[in-house]
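> What follows is structure_26.txt, compact mmCIF, C-alpha atoms and all ligand atoms.
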```txt
# COMPACT_ATOMS: atom_id res chain seq x y z
CA MET A 154 -23.89 16.58 10.94
CA LYS A 155 -21.30 17.26 8.26
CA LYS A 156 -19.17 14.17 7.66
CA TRP A 157 -15.49 14.32 8.50
CA PHE A 158 -12.66 11.91 7.83
CA ALA A 159 -9.07 11.78 9.09
CA VAL A 160 -5.72 10.12 8.75
CA ILE A 161 -3.78 9.27 11.93
CA GLY A 162 -0.08 8.51 12.11
CA ASN A 163 3.26 9.83 13.31
CA PRO A 164 4.71 11.72 11.52
CA ILE A 165 1.76 12.86 9.43
CA SER A 166 2.69 16.25 7.95
CA HIS A 167 4.15 14.65 4.79
CA SER A 168 0.98 12.65 4.05
CA LEU A 169 -0.52 13.18 0.57
CA SER A 170 -3.86 11.68 1.68
CA PRO A 171 -5.57 14.90 2.93
CA ASN A 172 -5.01 16.65 -0.40
CA MET A 173 -6.14 13.57 -2.34
CA HIS A 174 -9.35 13.02 -0.36
CA GLU A 175 -10.27 16.73 -0.17
CA THR A 176 -9.94 16.92 -3.97
CA TRP A 177 -12.15 13.87 -4.50
CA LEU A 178 -14.77 15.15 -2.01
CA LYS A 179 -14.91 18.45 -3.90
CA GLN A 180 -15.03 16.75 -7.33
CA LEU A 181 -17.97 14.61 -6.23
CA SER A 182 -19.74 17.46 -4.36
CA ILE A 183 -19.68 15.54 -1.06
CA GLU A 184 -20.00 17.87 1.94
CA ALA A 185 -17.19 16.58 4.14
CA SER A 186 -13.63 17.29 5.33
CA TYR A 187 -10.53 15.11 5.68
CA ILE A 188 -7.91 16.11 8.23
CA PRO A 189 -4.44 14.86 9.22
CA ILE A 190 -3.99 14.10 12.94
CA GLN A 191 -0.62 13.39 14.50
CA VAL A 192 -1.00 10.95 17.39
CA GLU A 193 1.74 10.49 19.99
CA GLN A 194 2.97 6.92 20.41
CA ASP A 195 1.40 6.38 23.87
CA HIS A 196 -1.90 8.05 23.01
CA LEU A 197 -3.35 5.74 20.37
CA GLU A 198 -6.11 4.30 22.56
CA GLN A 199 -7.25 7.76 23.70
CA ALA A 200 -7.05 9.04 20.14
CA VAL A 201 -9.32 6.25 18.88
CA LYS A 202 -11.79 6.86 21.74
CA SER A 203 -11.81 10.57 20.85
CA LEU A 204 -12.38 9.94 17.15
CA LYS A 205 -15.35 7.70 18.04
CA LEU A 206 -16.71 10.16 20.60
CA LEU A 207 -16.50 13.03 18.13
CA GLY A 208 -18.32 10.99 15.51
CA CYS A 209 -15.55 10.71 12.92
CA SER A 210 -17.08 9.13 9.80
CA GLY A 211 -14.00 7.06 9.05
CA TRP A 212 -10.24 7.36 9.07
CA ASN A 213 -7.04 6.08 7.53
CA VAL A 214 -4.27 4.67 9.66
CA THR A 215 -0.63 4.97 8.74
CA VAL A 216 2.78 4.22 10.24
CA PRO A 217 3.31 3.30 13.08
CA PHE A 218 -0.24 2.37 14.13
CA LYS A 219 -1.53 -0.09 11.50
CA GLU A 220 -1.06 -3.15 13.74
CA GLU A 221 -1.48 -1.54 17.16
CA ILE A 222 -4.92 -0.12 16.39
CA ILE A 223 -6.62 -3.50 16.00
CA PRO A 224 -7.61 -4.08 19.66
CA PHE A 225 -9.23 -0.64 19.85
CA LEU A 226 -11.68 -1.23 17.00
CA ASP A 227 -15.15 -2.81 17.30
CA GLU A 228 -14.54 -5.33 14.51
CA VAL A 229 -11.89 -6.19 11.95
CA ASP A 230 -12.70 -7.43 8.47
CA ASP A 231 -11.13 -10.72 7.29
CA SER A 232 -8.81 -8.86 4.86
CA ALA A 233 -7.21 -6.94 7.70
CA LYS A 234 -7.32 -9.87 10.14
CA GLY A 235 -5.23 -12.07 7.82
CA ILE A 236 -2.67 -9.33 7.29
CA GLY A 237 -2.72 -8.25 10.93
CA ALA A 238 -2.87 -4.58 9.93
CA VAL A 239 -5.57 -1.96 9.33
CA ASN A 240 -5.26 1.09 7.10
CA THR A 241 -8.93 2.11 6.86
CA VAL A 242 -11.62 2.41 9.53
CA VAL A 243 -15.28 2.65 8.53
CA LYS A 244 -18.16 3.82 10.73
CA THR A 245 -21.31 1.73 10.25
CA LEU A 246 -24.92 2.93 10.52
CA GLU A 247 -24.97 1.34 14.00
CA ASN A 248 -21.98 3.53 14.99
CA LYS A 249 -19.55 0.61 15.02
CA TYR A 250 -16.02 1.14 13.79
CA ILE A 251 -14.72 -1.62 11.50
CA GLY A 252 -11.10 -2.02 10.37
CA TYR A 253 -10.17 -2.90 6.76
CA ASN A 254 -6.96 -3.11 4.79
CA THR A 255 -6.99 -1.61 1.30
CA ASP A 256 -3.20 -1.43 0.77
CA GLY A 257 -2.72 -4.77 -0.98
CA LEU A 258 -5.90 -4.58 -3.08
CA GLY A 259 -5.00 -1.00 -3.97
CA PHE A 260 -1.58 -2.12 -5.11
CA ILE A 261 -3.06 -4.87 -7.30
CA GLU A 262 -5.56 -2.42 -8.83
CA SER A 263 -2.63 -0.15 -9.71
CA LEU A 264 -1.23 -2.94 -11.92
CA GLY A 265 -4.17 -2.66 -14.32
CA SER A 266 -5.53 -5.78 -15.99
CA ILE A 267 -3.52 -8.78 -14.89
CA LYS A 268 -4.56 -12.43 -14.80
CA SER A 269 -4.70 -14.78 -11.83
CA ASP A 270 -2.49 -17.31 -13.63
CA HIS A 271 0.33 -14.78 -13.92
CA ASN A 272 3.50 -15.89 -12.20
CA ILE A 273 4.45 -13.33 -9.56
CA LEU A 274 7.78 -12.61 -7.91
CA MET A 275 7.65 -10.53 -4.78
CA ILE A 276 10.89 -9.09 -3.43
CA GLY A 277 10.76 -8.55 0.33
CA ALA A 278 8.80 -10.21 3.11
CA GLY A 279 8.03 -7.31 5.47
CA GLY A 280 4.75 -5.65 6.41
CA ALA A 281 4.06 -4.17 2.97
CA ALA A 282 4.82 -7.47 1.22
CA ARG A 283 2.49 -9.26 3.60
CA GLY A 284 -0.47 -7.04 2.72
CA ILE A 285 0.14 -7.44 -1.00
CA ALA A 286 0.65 -11.21 -0.79
CA HIS A 287 -2.62 -11.67 1.12
CA ALA A 288 -4.45 -9.56 -1.45
CA PHE A 289 -3.06 -11.66 -4.33
CA LYS A 290 -4.26 -14.77 -2.54
CA SER A 291 -7.72 -13.32 -1.86
CA LEU A 292 -8.08 -12.56 -5.59
CA GLY A 293 -7.32 -16.18 -6.54
CA PHE A 294 -3.69 -15.86 -7.65
CA THR A 295 -1.89 -19.16 -7.17
CA GLN A 296 1.67 -18.63 -8.36
CA LEU A 297 3.56 -16.45 -5.91
CA THR A 298 7.27 -16.60 -5.19
CA ILE A 299 8.65 -14.57 -2.29
CA ALA A 300 12.33 -13.65 -2.43
CA ASN A 301 13.93 -12.15 0.63
CA ARG A 302 17.36 -11.31 2.01
CA THR A 303 16.41 -13.32 5.11
CA LEU A 304 15.07 -16.53 3.58
CA GLU A 305 13.42 -17.64 6.82
CA LYS A 306 11.04 -14.66 6.76
CA ALA A 307 10.00 -15.45 3.18
CA LYS A 308 9.36 -19.07 4.25
CA VAL A 309 7.16 -17.98 7.15
CA LEU A 310 5.06 -15.79 4.84
CA GLY A 311 4.90 -18.47 2.12
CA ASP A 312 3.80 -21.15 4.61
CA GLU A 313 1.17 -18.88 6.06
CA LEU A 314 -0.31 -18.13 2.64
CA LYS A 315 -0.09 -21.72 1.36
CA ILE A 316 0.31 -20.38 -2.20
CA GLY A 317 3.76 -18.98 -1.72
CA GLN A 318 7.16 -20.42 -2.39
CA ALA A 319 10.27 -18.89 -0.75
CA VAL A 320 13.61 -18.27 -2.48
CA THR A 321 16.80 -16.31 -1.87
CA LEU A 322 17.43 -13.06 -3.76
CA GLU A 323 20.10 -14.88 -5.76
CA GLU A 324 17.69 -17.66 -6.79
CA ALA A 325 15.15 -15.05 -7.86
CA GLU A 326 17.77 -13.30 -9.97
CA ASN A 327 18.78 -16.57 -11.66
CA THR A 328 15.21 -17.64 -12.46
CA LEU A 329 13.83 -14.20 -13.33
CA ASN A 330 12.67 -15.20 -16.82
CA LYS A 331 9.88 -17.31 -15.21
CA PHE A 332 8.03 -14.31 -13.84
CA ASP A 333 5.31 -12.18 -15.47
CA ILE A 334 5.10 -9.64 -12.64
CA VAL A 335 7.96 -8.47 -10.39
CA VAL A 336 6.99 -6.53 -7.28
CA GLN A 337 9.65 -4.62 -5.31
CA THR A 338 8.51 -4.07 -1.69
CA THR A 339 11.75 -3.31 0.19
CA PRO A 340 12.76 0.25 1.16
CA LEU A 341 15.77 0.07 -1.19
CA GLY A 342 15.82 3.09 -3.49
CA MET A 343 13.62 5.19 -1.21
CA LYS A 344 14.68 8.79 -0.60
CA ASN A 345 17.65 8.90 1.84
CA ASN A 346 17.98 5.12 1.71
CA ASP A 347 20.40 2.68 0.13
CA ALA A 348 19.99 3.06 -3.65
CA SER A 349 21.31 -0.39 -4.58
CA LEU A 350 19.15 -2.91 -6.45
CA PRO A 351 17.71 -5.88 -4.52
CA ILE A 352 18.32 -8.14 -7.57
CA LYS A 353 19.87 -7.82 -11.03
CA LEU A 354 17.35 -7.69 -13.86
CA ASN A 355 19.30 -9.06 -16.82
CA LEU A 356 17.10 -12.19 -17.09
CA LEU A 357 13.85 -10.21 -17.09
CA LYS A 358 11.11 -11.60 -19.37
CA GLY A 359 10.40 -9.37 -22.40
CA ASN A 360 6.75 -8.67 -21.55
CA ALA A 361 7.11 -8.55 -17.76
CA ILE A 362 5.50 -5.88 -15.59
CA VAL A 363 7.85 -4.41 -12.96
CA ALA A 364 6.33 -2.52 -10.03
CA ASP A 365 7.88 -0.71 -7.08
CA ILE A 366 5.82 0.30 -4.05
CA VAL A 367 8.19 3.21 -3.32
CA TYR A 368 6.90 6.55 -4.67
CA ASN A 369 9.64 8.88 -3.52
CA PRO A 370 11.42 9.04 -5.89
CA LEU A 371 8.74 8.33 -8.48
CA VAL A 372 11.27 6.43 -10.56
CA THR A 373 13.41 4.34 -8.22
CA PRO A 374 16.81 2.97 -9.30
CA PHE A 375 15.02 -0.40 -9.63
CA LEU A 376 12.45 0.99 -12.07
CA GLU A 377 15.17 2.91 -13.90
CA GLU A 378 17.02 -0.37 -14.38
CA ALA A 379 13.83 -2.15 -15.54
CA LYS A 380 13.17 0.58 -18.12
CA LYS A 381 16.44 -0.40 -19.83
CA TYR A 382 14.72 -3.67 -20.79
CA ASN A 383 11.69 -1.87 -22.31
CA VAL A 384 9.20 -3.50 -19.97
CA GLN A 385 6.14 -1.89 -18.42
CA THR A 386 7.04 -0.17 -15.12
CA ILE A 387 4.64 0.94 -12.41
CA ASN A 388 5.62 3.30 -9.60
CA GLY A 389 4.28 3.39 -6.05
CA LEU A 390 1.99 6.37 -6.61
CA GLY A 391 -0.62 4.03 -8.12
CA MET A 392 -0.77 2.03 -4.87
CA LEU A 393 -1.15 5.20 -2.79
CA VAL A 394 -4.00 6.46 -4.97
CA HIS A 395 -5.81 3.13 -5.35
CA GLN A 396 -5.69 2.26 -1.63
CA GLY A 397 -7.13 5.73 -0.98
CA ALA A 398 -9.80 5.28 -3.65
CA LEU A 399 -10.93 2.00 -2.07
CA ALA A 400 -11.14 3.64 1.36
CA PHE A 401 -13.08 6.54 -0.20
CA SER A 402 -15.55 4.12 -1.79
CA TYR A 403 -16.07 2.25 1.51
CA TRP A 404 -16.92 5.58 3.18
CA ASN A 405 -18.90 7.30 0.46
CA GLY A 406 -20.27 4.48 -1.69
CA VAL A 407 -18.73 5.92 -4.85
CA LYS A 408 -15.40 5.30 -6.58
CA PRO A 409 -13.36 8.49 -7.23
CA ASP A 410 -11.19 9.27 -10.27
CA THR A 411 -7.85 7.46 -9.86
CA ASN A 412 -6.13 8.28 -13.17
CA GLY A 413 -6.78 12.00 -12.81
CA MET A 414 -5.46 11.88 -9.25
CA ILE A 415 -2.24 10.13 -10.27
CA GLN A 416 -1.67 12.87 -12.87
CA GLN A 417 -2.48 15.59 -10.36
CA LEU A 418 -0.04 14.20 -7.79
CA ILE A 419 2.73 13.86 -10.39
CA GLU A 420 2.24 17.53 -11.31
CA GLN A 421 1.99 18.58 -7.68
CA ILE A 422 5.02 16.73 -6.35
CA GLY A 423 7.02 16.93 -9.58
CA GLY A 424 8.69 14.17 -11.56
CA ASN A 425 11.68 14.44 -9.31
CA TYR A 426 9.92 14.21 -5.96
CA VAL A 427 13.08 13.24 -4.10
CA ASN A 428 14.61 16.72 -4.39
CA ARG A 429 11.66 18.66 -3.14
P1 LIG B 1 7.70 -2.67 5.47
O1 LIG B 1 6.69 -2.72 6.58
O2 LIG B 1 7.82 -1.32 4.82
O3 LIG B 1 7.51 -3.76 4.48
P2 LIG B 1 9.72 -4.09 6.95
O4 LIG B 1 8.65 -4.89 7.59
O5 LIG B 1 10.82 -3.54 7.79
O6 LIG B 1 9.12 -2.84 6.17
O7 LIG B 1 10.35 -4.99 5.75
C1 LIG B 1 11.39 -4.56 4.99
C2 LIG B 1 11.70 -5.61 3.91
O8 LIG B 1 12.76 -5.08 3.10
C3 LIG B 1 12.20 -6.93 4.45
O9 LIG B 1 11.84 -7.95 3.56
C4 LIG B 1 13.73 -6.72 4.43
O10 LIG B 1 14.50 -7.91 4.34
P3 LIG B 1 14.89 -8.74 5.67
O11 LIG B 1 13.70 -9.55 6.04
O12 LIG B 1 16.05 -9.57 5.27
O13 LIG B 1 15.25 -7.71 6.71
C5 LIG B 1 13.88 -5.96 3.14
N1 LIG B 1 15.12 -5.16 3.13
C6 LIG B 1 15.39 -4.06 3.87
N2 LIG B 1 16.62 -3.59 3.58
C7 LIG B 1 17.14 -4.43 2.63
C8 LIG B 1 18.38 -4.49 1.92
N3 LIG B 1 19.35 -3.58 2.13
N4 LIG B 1 18.56 -5.48 1.01
C9 LIG B 1 17.58 -6.41 0.79
N5 LIG B 1 16.39 -6.40 1.43
C10 LIG B 1 16.17 -5.42 2.34
```
Reformat the file's structure so that it appears as structure tokens.
Ligand code: ATR

Amino acid sequence: MKKWFAVIGNPISHSLSPNMHETWLKQLSIEASYIPIQVEQDHLEQAVKSLKLLGCSGWNVTVPFKEEIIPFLDEVDDSAKGIGAVNTVVKTLENKYIGYNTDGLGFIESLGSIKSDHNILMIGAGGAARGIAHAFKSLGFTQLTIANRTLEKAKVLGDELKIGQAVTLEEAENTLNKFDIVVQTTPLGMKNNDASLPIKLNLLKGNAIVADIVYNPLVTPFLEEAKKYNVQTINGLGMLVHQGALAFSYWNGVKPDTNGMIQQLIEQIGGNYVNR
């Protein structure tokens, strides 16, 4: 039977994943399709049963089902268990459906070559931050500081990880020159959202890397500010593409072209994605 993959979520029409995976499948001459499926909030369990029944080869999971889907899967890998969220489901040869999380690892891959002794500042302590923090830990990083508007939430995440230290946004701002990598995980700067900066960047280290997980707009106000200090900036498109590439490799056993895909998406959505 021809393989087929899917992405489930609600809403789903805006998802860039179908285009990305269809392109990779074609580039690698893999006979398969990848389709977006919008699932109504109360229908997740039936949707998962249907995907299994119809022999789906694997699927991605997006908002709002990443946590809720866990009880409906046959097994969940340790990466996803720790985070408490699944973004990729893989069908095994024994027809079991296993949940993984490639978001955090995908984000870290998008940073390029970084070292595990780099000192990392993460801004935000929500779901996205959680996935990224767990991935840093799983790769052996030991210096992670979590700054959050609500300090308590940063403390909970730091305690859970055992490698994390929690600070206020103000403390992060005042000690910014300690950090080699600054990761912005809040929705600030996202299309139709508050465009203010979570922290000021005037104490940024000269050779820091500044990354934002938001990709609409491609250059957030936070990255625009960082560019003023001539540091390396990384937008959220890299995370989208690398998490997809990891899922693709789990399903097909081969790693697709990530750099080409980032270029293709920039051309497709335009440098000024927010206005389209
Ligand atoms: P996601 O799953 O996308 O990470 P989330 O779980 O709602 O979303 O988390 C959003 C994160 O952005 C939180 O860390 C939140 O801070 P609080 O814990 O204090 O709510 C942070 N955030 C959202 N709006 C913010 C704002 N205006 N200023 C600073 N931080 C903000």
> Which one of A:Leu181, A:Ala319, A:Ile188, A:Leu297 sits closest to ligand LIG 1 (chain B) if you count only C-alpha atoms and all ligand atoms?
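Checking each of A:Leu181, A:Ala319, A:Ile188, A:Leu297 against ligand LIG 1 (chain B), counting only C-alpha atoms and all ligand atoms, the winner is A:Ala319.
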> Find the residues near ligand LIG 1 (chain B). Use a cut-off of 12 Å, count all atoms listed in the file, and write them as a PyMOL selection string.
chain A and resi 215-220+236-238+256-257+275-286+299-310+319-323+336-343+346-352+365-367
> Using Å and a single decimal, report how far CA of Glu175 in chain A sits from CA of Gly391 in chain A.
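Between CA of Gly391 in chain A and CA of Glu175 in chain A the gap is 17.8 Å.
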> How many Å separate CA of Lys408 in chain A from CA of Ala200 in chain A?
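We find that CA of Lys408 in chain A and CA of Ala200 in chain A lie 28.2 Å from each other.
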> (-6.9, 14.9, 8.1) in this file's frame - what residues fall within 8 Å of it? Use all atoms listed in the file and give the answer as a list of chain:residue names.
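Checked against the point, the hits come out as A:Phe158, A:Ala159, A:Val160, A:Ile161, A:Ser170, A:Pro171, A:Ser186, A:Tyr187, A:Ile188, A:Pro189, A:Ile190.
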> Between A:Ile165, A:Ile415, A:Ile316, A:Ile267, which residue has the minimum interatomic distance to Val214 in chain A, considering only C-alpha atoms?
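Ranked by minimum distance to Val214 in chain A, first place goes to A:Ile165.
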> Give the answer as one residue: which of A:Asn163, A:Gln318, A:Asn172, A:Gln296 has the shortest atom-to-atom distance to Phe332 in chain A, using only C-alpha atoms?
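Counting only C-alpha atoms, the residue closest to Phe332 in chain A is A:Gln296.
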> Near Met154 in chain A, within 12 Å and counting only C-alpha atoms, which residues show up once chain neighbours fewer than 2 positions away are dropped, as a PyMOL selection string?
chain A and resi 156-157+184-186+207-210
> I need the chosen residues saved as a short mmCIF file (atom, residue, chain, number, x, y, z; two decimals), in the frame of the given file, with C-alpha atoms.

```cif
data_model
loop_
_atom_site.label_atom_id
_atom_site.label_comp_id
_atom_site.auth_asym_id
_atom_site.auth_seq_id
_atom_site.Cartn_x
_atom_site.Cartn_y
_atom_site.Cartn_z
CA LYS A 156 -19.17 14.17 7.66
CA TRP A 157 -15.49 14.32 8.50
CA GLU A 184 -20.00 17.87 1.94
CA ALA A 185 -17.19 16.58 4.14
CA SER A 186 -13.63 17.29 5.33
CA LEU A 207 -16.50 13.03 18.13
CA GLY A 208 -18.32 10.99 15.51
CA CYS A 209 -15.55 10.71 12.92
CA SER A 210 -17.08 9.13 9.80
#
```
> Neighbouring residues of Leu329 in chain A were defined as those with any atom within 7 Å, considering all atoms listed in the file; residues of the same chain fewer than 3 positions away were excluded. Please report them as a VMD selection string.
chain A and resid 325 to 326 332 356 to 357
> Pick from A:Gly162, A:His271, A:His167, A:Leu371: nearest to Glu221 in chain A, with all atoms listed in the file counted?
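Closest candidate: A:Gly162.
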> Hey, can you check how far CA of Leu292 in chain A sits from CA of Gly259 in chain A?
12.1 Å
> Could you tell me which of A:Lys358, A:Lys290, A:His196, A:Lys202 comes closest to Asn327 in chain A if we count only C-alpha atoms?
A:Lys358
> Report as a PyMOL selection string all protein, DNA and RNA residues lying within 8 Å of Val243 in chain A, evaluated on only C-alpha atoms, omitting residues in the same chain fewer than 4 positions from it.
chain A and resi 210-212+250-253+403-404
> Please give the centre and size of the box around range 266-273 of chain A (axis-aligned, containing every atom listed in the file, 6 Å added per side), with values in Å to one decimal and written as AutoDock Vina command-line options.

```
--center_x -0.5 --center_y -11.5 --center_z -12.8 --size_x 22.0 --size_y 23.5 --size_z 18.4
```
> Mind dumping range 339-411 of chain A from that block, keeping C-alpha atoms, as a JSON list (two decimals), in the first residue's frame?

```
[["chain", "number", "residue", "atom", "x", "y", "z"],
["A", 339, "THR", "CA", 7.18, 33.74, 24.32],
["A", 340, "PRO", "CA", 4.51, 34.79, 21.79],
["A", 341, "LEU", "CA", 5.69, 38.42, 22.00],
["A", 342, "GLY", "CA", 6.33, 39.80, 18.53],
["A", 343, "MET", "CA", 4.14, 37.22, 16.81],
["A", 344, "LYS", "CA", 1.74, 38.46, 14.13],
["A", 345, "ASN", "CA", -1.26, 40.22, 15.75],
["A", 346, "ASN", "CA", 0.39, 40.03, 19.17],
["A", 347, "ASP", "CA", 2.07, 42.50, 21.49],
["A", 348, "ALA", "CA", 5.24, 43.65, 19.71],
["A", 349, "SER", "CA", 7.14, 44.71, 22.83],
["A", 350, "LEU", "CA", 10.46, 43.12, 23.79],
["A", 351, "PRO", "CA", 10.52, 40.63, 26.70],
["A", 352, "ILE", "CA", 13.93, 42.04, 27.81],
["A", 353, "LYS", "CA", 16.27, 44.85, 26.77],
["A", 354, "LEU", "CA", 19.37, 43.68, 24.93],
["A", 355, "ASN", "CA", 21.90, 46.42, 25.68],
["A", 356, "LEU", "CA", 24.14, 44.07, 27.73],
["A", 357, "LEU", "CA", 24.25, 41.41, 25.02],
["A", 358, "LYS", "CA", 27.61, 39.60, 24.65],
["A", 359, "GLY", "CA", 29.43, 40.46, 21.40],
["A", 360, "ASN", "CA", 29.49, 36.91, 20.02],
["A", 361, "ALA", "CA", 26.10, 35.77, 21.34],
["A", 362, "ILE", "CA", 23.57, 33.85, 19.25],
["A", 363, "VAL", "CA", 20.00, 35.17, 19.55],
["A", 364, "ALA", "CA", 17.14, 32.91, 18.46],
["A", 365, "ASP", "CA", 13.38, 33.43, 18.33],
["A", 366, "ILE", "CA", 10.98, 30.52, 17.90],
["A", 367, "VAL", "CA", 8.40, 32.81, 16.25],
["A", 368, "TYR", "CA", 8.49, 32.65, 12.43],
["A", 369, "ASN", "CA", 5.68, 35.02, 11.56],
["A", 370, "PRO", "CA", 7.11, 37.60, 11.11],
["A", 371, "LEU", "CA", 10.41, 36.07, 10.05],
["A", 372, "VAL", "CA", 12.26, 38.90, 11.75],
["A", 373, "THR", "CA", 10.53, 39.63, 15.06],
["A", 374, "PRO", "CA", 11.04, 42.95, 16.88],
["A", 375, "PHE", "CA", 13.30, 40.96, 19.24],
["A", 376, "LEU", "CA", 15.55, 39.78, 16.40],
["A", 377, "GLU", "CA", 15.47, 43.25, 14.84],
["A", 378, "GLU", "CA", 16.75, 44.64, 18.14],
["A", 379, "ALA", "CA", 19.45, 41.94, 18.38],
["A", 380, "LYS", "CA", 20.66, 42.74, 14.85],
["A", 381, "LYS", "CA", 21.57, 46.24, 16.08],
["A", 382, "TYR", "CA", 24.31, 44.57, 18.15],
["A", 383, "ASN", "CA", 25.72, 42.68, 15.14],
["A", 384, "VAL", "CA", 25.18, 39.27, 16.68],
["A", 385, "GLN", "CA", 24.07, 36.11, 14.90],
["A", 386, "THR", "CA", 20.25, 35.89, 14.79],
["A", 387, "ILE", "CA", 18.17, 32.80, 14.04],
["A", 388, "ASN", "CA", 14.47, 32.94, 13.22],
["A", 389, "GLY", "CA", 11.80, 30.34, 13.99],
["A", 390, "LEU", "CA", 11.68, 28.91, 10.48],
["A", 391, "GLY", "CA", 14.75, 26.79, 11.27],
["A", 392, "MET", "CA", 12.89, 25.10, 14.15],
["A", 393, "LEU", "CA", 9.87, 24.40, 11.94],
["A", 394, "VAL", "CA", 12.01, 22.84, 9.22],
["A", 395, "HIS", "CA", 14.32, 20.86, 11.53],
["A", 396, "GLN", "CA", 11.49, 19.39, 13.64],
["A", 397, "GLY", "CA", 9.87, 18.33, 10.36],
["A", 398, "ALA", "CA", 13.13, 16.89, 9.05],
["A", 399, "LEU", "CA", 13.54, 14.76, 12.19],
["A", 400, "ALA", "CA", 9.97, 13.47, 11.87],
["A", 401, "PHE", "CA", 10.62, 12.74, 8.18],
["A", 402, "SER", "CA", 13.75, 10.76, 9.05],
["A", 403, "TYR", "CA", 11.91, 8.73, 11.72],
["A", 404, "TRP", "CA", 9.30, 7.79, 9.10],
["A", 405, "ASN", "CA", 11.46, 7.29, 6.03],
["A", 406, "GLY", "CA", 14.91, 6.48, 7.40],
["A", 407, "VAL", "CA", 16.52, 9.32, 5.46],
["A", 408, "LYS", "CA", 17.27, 12.94, 6.37],
["A", 409, "PRO", "CA", 15.84, 15.50, 3.90],
["A", 410, "ASP", "CA", 17.45, 18.78, 2.77],
["A", 411, "THR", "CA", 16.89, 21.40, 5.49]]
```
